[in-house]
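Undergrad: Contents are mmCIF, C-alpha atoms; file name start.cif:
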```
data_protein
loop_
_atom_site.group_PDB
_atom_site.id
_atom_site.type_symbol
_atom_site.label_atom_id
_atom_site.label_comp_id
_atom_site.auth_asym_id
_atom_site.auth_seq_id
_atom_site.Cartn_x
_atom_site.Cartn_y
_atom_site.Cartn_z
ATOM 1 C CA MET A 693 -2.712 -7.450 15.504
ATOM 2 C CA LYS A 694 -0.240 -10.330 15.368
ATOM 3 C CA ALA A 695 3.482 -9.738 14.937
ATOM 4 C CA ALA A 696 4.914 -9.363 11.458
ATOM 5 C CA VAL A 697 6.294 -12.358 9.637
ATOM 6 C CA THR A 698 9.504 -10.870 8.269
ATOM 7 C CA VAL A 699 10.521 -12.780 5.218
ATOM 8 C CA LEU A 700 13.935 -14.234 6.048
ATOM 9 C CA LEU A 701 13.823 -17.299 3.891
ATOM 10 C CA SER A 702 17.239 -18.562 4.948
ATOM 11 C CA LEU A 703 15.544 -19.775 8.134
ATOM 12 C CA PHE A 704 13.948 -22.466 6.007
ATOM 13 C CA GLY A 705 17.064 -23.385 4.032
ATOM 14 C CA LEU A 706 16.203 -21.108 1.126
ATOM 15 C CA SER A 707 18.721 -18.723 -0.374
ATOM 16 C CA VAL A 708 16.351 -15.977 -1.478
ATOM 17 C CA SER A 709 15.805 -12.990 0.821
ATOM 18 C CA VAL A 710 12.896 -10.566 0.512
ATOM 19 C CA SER A 711 12.425 -7.475 2.664
ATOM 20 C CA ARG A 712 8.631 -7.145 2.546
ATOM 21 C CA LYS A 713 6.903 -7.578 5.883
ATOM 22 C CA HIS A 714 3.742 -9.666 5.991
ATOM 23 C CA PHE A 715 1.081 -9.633 8.712
ATOM 24 C CA PHE A 716 -1.282 -12.572 9.131
ATOM 25 C CA VAL A 717 -4.800 -11.390 9.923
ATOM 26 C CA ASN A 718 -6.869 -14.161 11.479
ATOM 27 C CA LYS A 719 -10.194 -12.573 10.583
ATOM 28 C CA ILE A 720 -12.604 -14.124 8.122
ATOM 29 C CA LYS A 721 -13.312 -11.736 5.251
ATOM 30 C CA THR A 722 -14.091 -11.678 1.561
ATOM 31 C CA TRP A 723 -11.207 -10.674 -0.724
ATOM 32 C CA ASN A 724 -12.547 -7.125 -1.131
ATOM 33 C CA ASP A 725 -13.044 -6.668 2.612
ATOM 34 C CA ALA A 726 -9.566 -8.085 3.250
ATOM 35 C CA GLN A 727 -8.110 -5.584 0.778
ATOM 36 C CA ALA A 728 -9.910 -2.718 2.524
ATOM 37 C CA HIS A 729 -8.603 -3.891 5.905
ATOM 38 C CA CYS A 730 -5.014 -4.099 4.660
ATOM 39 C CA ARG A 731 -5.179 -0.663 3.064
ATOM 40 C CA GLU A 732 -6.489 0.822 6.297
ATOM 41 C CA TYR A 733 -3.947 -0.724 8.646
ATOM 42 C CA HIS A 734 -0.946 -1.566 6.429
ATOM 43 C CA ASP A 735 0.010 -0.982 2.785
ATOM 44 C CA ASP A 736 -2.063 -3.577 0.932
ATOM 45 C CA LEU A 737 -2.919 -7.251 0.583
ATOM 46 C CA SER A 738 0.303 -9.211 0.261
ATOM 47 C CA THR A 739 2.276 -9.572 -2.923
ATOM 48 C CA ILE A 740 4.293 -12.798 -2.678
ATOM 49 C CA ASN A 741 6.561 -15.045 -4.708
ATOM 50 C CA LYS A 742 6.740 -18.824 -4.359
ATOM 51 C CA GLU A 743 9.368 -18.681 -1.593
ATOM 52 C CA GLU A 744 7.219 -16.287 0.427
ATOM 53 C CA ALA A 745 4.167 -18.486 -0.175
ATOM 54 C CA GLN A 746 6.024 -21.393 1.418
ATOM 55 C CA LEU A 747 7.162 -19.363 4.399
ATOM 56 C CA LEU A 748 3.769 -17.784 5.054
ATOM 57 C CA SER A 749 2.033 -21.164 4.777
ATOM 58 C CA LYS A 750 4.308 -22.550 7.500
ATOM 59 C CA ASN A 751 3.230 -19.869 9.946
ATOM 60 C CA PRO A 752 1.666 -21.904 12.819
ATOM 61 C CA GLU A 753 -1.051 -19.254 13.226
ATOM 62 C CA VAL A 754 -2.505 -20.256 9.856
ATOM 63 C CA LYS A 755 -5.108 -22.928 10.622
ATOM 64 C CA ASN A 756 -7.297 -22.642 7.518
ATOM 65 C CA ALA A 757 -6.638 -24.633 4.364
ATOM 66 C CA TYR A 758 -6.427 -21.416 2.328
ATOM 67 C CA PHE A 759 -5.660 -17.726 2.813
ATOM 68 C CA TRP A 760 -6.134 -14.643 0.644
ATOM 69 C CA ILE A 761 -3.246 -12.776 -0.967
ATOM 70 C CA GLY A 762 -3.309 -9.657 -3.153
ATOM 71 C CA LEU A 763 -3.796 -11.422 -6.466
ATOM 72 C CA HIS A 764 -6.862 -10.632 -8.576
ATOM 73 C CA LEU A 765 -8.130 -10.623 -12.144
ATOM 74 C CA SER A 766 -8.216 -7.154 -13.722
ATOM 75 C CA ALA A 767 -10.968 -5.773 -15.948
ATOM 76 C CA ASN A 768 -8.952 -6.796 -19.023
ATOM 77 C CA ASN A 769 -8.597 -10.379 -17.716
ATOM 78 C CA LYS A 770 -4.983 -10.086 -16.580
ATOM 79 C CA TRP A 771 -3.822 -11.380 -13.202
ATOM 80 C CA ILE A 772 -2.322 -8.500 -11.239
ATOM 81 C CA TRP A 773 -1.310 -7.630 -7.671
ATOM 82 C CA SER A 774 -3.478 -5.427 -5.487
ATOM 83 C CA GLY A 775 -0.645 -2.989 -4.775
ATOM 84 C CA GLY A 776 0.314 -2.675 -8.443
ATOM 85 C CA GLU A 777 3.664 -4.440 -8.078
ATOM 86 C CA ASP A 778 5.195 -5.591 -11.335
ATOM 87 C CA GLU A 779 6.172 -9.030 -10.115
ATOM 88 C CA LYS A 780 6.044 -12.348 -11.896
ATOM 89 C CA ILE A 781 3.251 -14.735 -10.880
ATOM 90 C CA ASP A 782 5.142 -18.031 -10.856
ATOM 91 C CA ASN A 783 3.396 -20.264 -8.346
ATOM 92 C CA TRP A 784 0.091 -21.446 -9.823
ATOM 93 C CA ASP A 785 -0.999 -24.957 -8.867
ATOM 94 C CA THR A 786 -1.576 -27.542 -11.584
ATOM 95 C CA GLY A 787 -4.651 -26.586 -13.614
ATOM 96 C CA GLU A 788 -4.840 -23.107 -12.093
ATOM 97 C CA PRO A 789 -6.142 -20.540 -12.778
ATOM 98 C CA ASN A 790 -9.250 -22.131 -14.190
ATOM 99 C CA LYS A 791 -12.763 -20.648 -14.085
ATOM 100 C CA ASP A 792 -13.177 -17.048 -15.286
ATOM 101 C CA THR A 793 -15.760 -16.482 -12.541
ATOM 102 C CA GLU A 794 -13.091 -17.086 -9.881
ATOM 103 C CA LYS A 795 -11.362 -13.711 -9.932
ATOM 104 C CA CYS A 796 -9.362 -13.590 -6.693
ATOM 105 C CA GLY A 797 -6.166 -15.328 -5.663
ATOM 106 C CA LEU A 798 -5.381 -17.404 -2.595
ATOM 107 C CA VAL A 799 -2.688 -19.794 -1.374
ATOM 108 C CA LYS A 800 -3.343 -23.432 -0.513
ATOM 109 C CA LYS A 801 -1.577 -24.041 2.792
ATOM 110 C CA SER A 802 -0.747 -27.724 2.182
ATOM 111 C CA ASN A 803 1.374 -27.204 -0.941
ATOM 112 C CA TYR A 804 2.022 -23.412 -0.942
ATOM 113 C CA LYS A 805 0.469 -23.072 -4.412
ATOM 114 C CA MET A 806 -1.791 -20.322 -5.752
ATOM 115 C CA HIS A 807 -5.412 -20.960 -6.699
ATOM 116 C CA ASN A 808 -8.108 -18.696 -8.044
ATOM 117 C CA ALA A 809 -11.426 -18.590 -6.208
ATOM 118 C CA VAL A 810 -14.724 -16.756 -5.936
ATOM 119 C CA CYS A 811 -13.955 -13.412 -4.272
ATOM 120 C CA THR A 812 -16.776 -13.790 -1.750
ATOM 121 C CA TRP A 813 -15.177 -16.776 -0.009
ATOM 122 C CA PRO A 814 -14.673 -16.010 3.724
ATOM 123 C CA LEU A 815 -10.976 -16.516 4.517
ATOM 124 C CA PRO A 816 -8.146 -15.151 6.657
ATOM 125 C CA PHE A 817 -5.448 -13.211 4.796
ATOM 126 C CA TYR A 818 -2.028 -11.623 4.751
ATOM 127 C CA CYS A 819 -1.346 -7.887 4.613
ATOM 128 C CA MET A 820 2.033 -6.432 3.770
ATOM 129 C CA GLU A 821 4.143 -3.386 4.431
ATOM 130 C CA ALA A 822 6.394 -2.800 1.464
ATOM 131 C CA PHE A 823 7.103 0.933 1.656
ATOM 132 C CA GLU A 824 8.816 3.290 4.067
ATOM 133 C CA PRO A 825 8.238 7.077 4.236
ATOM 134 C CA ILE A 826 11.419 9.117 3.718
ATOM 135 C CA LEU A 827 11.636 12.787 4.716
ATOM 136 C CA VAL A 828 13.692 14.842 2.260
ATOM 137 C CA HIS A 829 15.315 17.949 3.782
ATOM 138 C CA GLN A 830 15.176 19.982 0.606
ATOM 139 C CA ASN A 831 12.865 22.886 -0.191
ATOM 140 C CA LYS A 832 11.074 22.235 -3.462
ATOM 141 C CA THR A 833 7.812 23.104 -5.173
ATOM 142 C CA TRP A 834 5.212 20.335 -5.335
ATOM 143 C CA ASP A 835 6.115 19.437 -8.928
ATOM 144 C CA GLU A 836 9.824 19.445 -8.111
ATOM 145 C CA ALA A 837 9.178 17.211 -5.091
ATOM 146 C CA LEU A 838 7.155 14.800 -7.235
ATOM 147 C CA ASP A 839 9.970 14.572 -9.801
ATOM 148 C CA TYR A 840 12.567 14.055 -7.075
ATOM 149 C CA CYS A 841 10.639 11.233 -5.418
ATOM 150 C CA ARG A 842 9.985 9.440 -8.700
ATOM 151 C CA GLN A 843 13.612 9.716 -9.763
ATOM 152 C CA ASN A 844 15.166 8.718 -6.433
ATOM 153 C CA TYR A 845 12.526 6.620 -4.659
ATOM 154 C CA THR A 846 9.033 5.527 -5.731
ATOM 155 C CA ASP A 847 6.595 8.437 -5.393
ATOM 156 C CA LEU A 848 5.414 11.249 -3.162
ATOM 157 C CA VAL A 849 3.847 9.750 -0.065
ATOM 158 C CA THR A 850 0.247 8.530 -0.061
ATOM 159 C CA VAL A 851 -1.455 8.771 3.352
ATOM 160 C CA ARG A 852 -4.219 6.161 3.095
ATOM 161 C CA SER A 853 -4.865 5.385 6.752
ATOM 162 C CA GLN A 854 -4.479 6.654 10.298
ATOM 163 C CA MET A 855 -1.646 4.177 10.816
ATOM 164 C CA ILE A 856 0.282 5.471 7.783
ATOM 165 C CA MET A 857 -0.460 9.024 8.934
ATOM 166 C CA ALA A 858 1.197 8.262 12.279
ATOM 167 C CA LYS A 859 4.267 6.813 10.538
ATOM 168 C CA VAL A 860 4.584 9.884 8.310
ATOM 169 C CA ILE A 861 4.137 12.303 11.221
ATOM 170 C CA ASN A 862 6.886 10.479 13.087
ATOM 171 C CA LYS A 863 9.204 10.861 10.087
ATOM 172 C CA THR A 864 8.580 14.608 9.816
ATOM 173 C CA ILE A 865 9.746 15.530 13.326
ATOM 174 C CA THR A 866 13.006 16.906 11.922
ATOM 175 C CA SER A 867 11.390 18.770 9.028
ATOM 176 C CA GLN A 868 12.790 22.251 8.432
ATOM 177 C CA THR A 869 9.394 23.523 7.246
ATOM 178 C CA ALA A 870 6.103 23.621 9.170
ATOM 179 C CA TYR A 871 4.326 21.888 6.293
ATOM 180 C CA VAL A 872 5.603 19.052 4.096
ATOM 181 C CA TRP A 873 4.427 18.021 0.657
ATOM 182 C CA THR A 874 2.453 14.827 0.140
ATOM 183 C CA GLY A 875 1.175 13.196 -3.041
ATOM 184 C CA LEU A 876 -2.216 14.894 -2.672
ATOM 185 C CA ARG A 877 -3.327 16.946 -5.692
ATOM 186 C CA PHE A 878 -6.453 18.740 -6.921
ATOM 187 C CA MET A 879 -7.204 18.469 -10.629
ATOM 188 C CA ALA A 880 -10.223 18.023 -12.891
ATOM 189 C CA GLY A 881 -12.605 18.854 -10.039
ATOM 190 C CA HIS A 882 -11.394 16.521 -7.307
ATOM 191 C CA TRP A 883 -8.572 15.683 -4.899
ATOM 192 C CA PHE A 884 -6.616 12.494 -5.538
ATOM 193 C CA TRP A 885 -3.374 10.699 -4.692
ATOM 194 C CA VAL A 886 -0.842 10.754 -7.514
ATOM 195 C CA SER A 887 -0.139 7.085 -6.737
ATOM 196 C CA GLY A 888 -3.649 6.295 -7.987
ATOM 197 C CA HIS A 889 -4.980 5.086 -4.626
ATOM 198 C CA ASP A 890 -8.480 5.956 -3.466
ATOM 199 C CA LEU A 891 -9.001 8.970 -1.226
ATOM 200 C CA GLN A 892 -10.997 7.168 1.478
ATOM 201 C CA TYR A 893 -9.133 8.105 4.650
ATOM 202 C CA LYS A 894 -9.157 11.896 5.126
ATOM 203 C CA ALA A 895 -7.459 14.238 7.610
ATOM 204 C CA TRP A 896 -8.297 17.725 6.388
ATOM 205 C CA SER A 897 -7.988 20.888 8.454
ATOM 206 C CA ALA A 898 -11.033 22.365 10.227
ATOM 207 C CA GLU A 899 -12.102 24.059 6.980
ATOM 208 C CA GLY A 900 -12.662 20.595 5.540
ATOM 209 C CA GLU A 901 -12.018 19.306 2.048
ATOM 210 C CA LEU A 902 -12.186 22.245 -0.365
ATOM 211 C CA THR A 903 -14.288 21.149 -3.309
ATOM 212 C CA CYS A 904 -13.215 24.140 -5.365
ATOM 213 C CA PRO A 905 -9.924 25.467 -3.978
ATOM 214 C CA ALA A 906 -8.397 28.659 -5.303
ATOM 215 C CA ARG A 907 -6.135 28.100 -8.280
ATOM 216 C CA ASN A 908 -3.062 28.639 -6.112
ATOM 217 C CA LEU A 909 -4.174 26.145 -3.416
ATOM 218 C CA ARG A 910 -4.301 22.859 -5.308
ATOM 219 C CA CYS A 911 -1.508 20.794 -3.755
ATOM 220 C CA GLY A 912 -1.821 18.910 -0.479
ATOM 221 C CA ALA A 913 0.604 19.477 2.382
ATOM 222 C CA LEU A 914 0.792 17.898 5.817
ATOM 223 C CA ASP A 915 0.814 20.206 8.832
ATOM 224 C CA ARG A 916 3.229 18.231 11.008
ATOM 225 C CA ASP A 917 2.290 20.068 14.207
ATOM 226 C CA LYS A 918 -1.486 19.772 13.910
ATOM 227 C CA ASN A 919 -1.508 16.384 12.129
ATOM 228 C CA ILE A 920 -3.816 17.591 9.379
ATOM 229 C CA TRP A 921 -3.775 18.133 5.615
ATOM 230 C CA ARG A 922 -3.913 21.612 4.119
ATOM 231 C CA PRO A 923 -4.447 22.884 0.567
ATOM 232 C CA GLN A 924 -1.252 24.743 -0.261
ATOM 233 C CA ASN A 925 0.202 26.860 -3.050
ATOM 234 C CA CYS A 926 1.970 24.392 -5.351
ATOM 235 C CA GLU A 927 4.804 26.881 -5.881
ATOM 236 C CA ASP A 928 5.682 27.054 -2.177
ATOM 237 C CA LYS A 929 9.031 25.448 -1.426
ATOM 238 C CA LEU A 930 8.725 22.858 1.314
ATOM 239 C CA ASN A 931 10.381 19.725 2.623
ATOM 240 C CA PHE A 932 8.543 16.615 1.428
ATOM 241 C CA VAL A 933 8.004 12.922 2.078
ATOM 242 C CA CYS A 934 8.782 10.234 -0.486
ATOM 243 C CA LEU A 935 7.913 6.555 -0.442
ATOM 244 C CA LYS A 936 10.786 4.087 -0.598
ATOM 245 C CA LYS A 937 10.306 0.414 -1.364
ATOM 246 C CA LEU A 938 11.553 -1.804 1.458
#
```
Taking this structure as input, can you express it in the form of structure tokens?
TA:
Amino acid sequence: MKAAVTVLLSLFGLSVSVSRKHFFVNKIKTWNDAQAHCREYHDDLSTINKEEAQLLSKNPEVKNAYFWIGLHLSANNKWIWSGGEDEKIDNWDTGEPNKDTEKCGLVKKSNYKMHNAVCTWPLPFYCMEAFEPILVHQNKTWDEALDYCRQNYTDLVTVRSQMIMAKVINKTITSQTAYVWTGLRFMAGHWFWVSGHDLQYKAWSAEGELTCPARNLRCGALDRDKNIWRPQNCEDKLNFVCLKKL
């Protein structure tokens, strides 16, 4: 994996500074495959503004005329970011977006502008890391931890990949409890992340994913010593990990 392109726009004579980190991936993939790659190894496909588009286009590693970003057309025909960021889309090229069949967003390297395109185009892409796990040294129930994270940070942590798992484990070294709360919850017959992300990557204990856990074992905790997830009593009071936007 290539080094991160940290967005320090002042290097290019621009006054805006953004703290997201972007990673150029010089692999040719469709938009959906690029999204899956970014969610496995980073946070998501990149959310960018027009200043970031200019900076990322100037990266000498970018040889193609276009590259994917995290922009796509939702089911209700609204352009949104892959990671759910509520950020203005202010960099469309003249006449863009145009065809309704072109439902994914890319950047044109030559002028830094956004275009819409057919999602099956094979292109390189940018991933981003926009969140940092924060260990909270307070003992709270799962619901209390969720409220605390949403009031003070962004959310309880979502562990969507082995790479994110490693980052979270590293943060929990100083935890005062053997287990720490995550954003994993069982409800309506299935486990899910409260952030809304898919439960594709899994790291359950040897017992596996309980498809019908006991009523008192319906919140997901991370065993920081064994590097596994465990169904835990939601009323237990544990340290927990929040997500903080960079």
Undergrad: Taking the file as shown, what set of residues would the PyMOL selection byres ((chain A and resi 799-812) around 7) give back, as a PyMOL selection string?
TA: chain A and resi 722-723+745-746+749+757-760+783-785+788-789+793-798+813-814
Undergrad: Quick one: residues within 10 Å of Ala895 in chain A, all atoms listed in the file counted, chain neighbours fewer than 4 positions away excluded, as a compact mmCIF listing (two decimals) with C-alpha atoms, keeping the file's coordinate frame?
TA:
```txt
# COMPACT_ATOMS: atom_id res chain seq x y z
CA VAL A 851 -1.46 8.77 3.35
CA ARG A 852 -4.22 6.16 3.10
CA SER A 853 -4.86 5.38 6.75
CA GLN A 854 -4.48 6.65 10.30
CA MET A 857 -0.46 9.02 8.93
CA GLY A 900 -12.66 20.60 5.54
CA GLU A 901 -12.02 19.31 2.05
CA LEU A 914 0.79 17.90 5.82
CA ASN A 919 -1.51 16.38 12.13
CA ILE A 920 -3.82 17.59 9.38
CA TRP A 921 -3.78 18.13 5.62
CA ARG A 922 -3.91 21.61 4.12
```
Undergrad: Mind pulling up the distance from CA of Phe932 in chain A to CA of Gln830 in chain A?
TA: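 Interatomic distance, CA of Gln830 in chain A to CA of Phe932 in chain A: 7.5 Å.
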Undergrad: Can you measure CA of Lys719 in chain A to CA of Gln892 in chain A for me? One decimal in Å is fine.
TA: 21.8 Å
Undergrad: Using only C-alpha atoms, find the one residue out of A:Glu743, A:Glu753, A:Glu824, A:Asp890 that sits nearest to Phe715 in chain A.
TA: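 Result for the nearest residue to Phe715 in chain A: A:Glu753.
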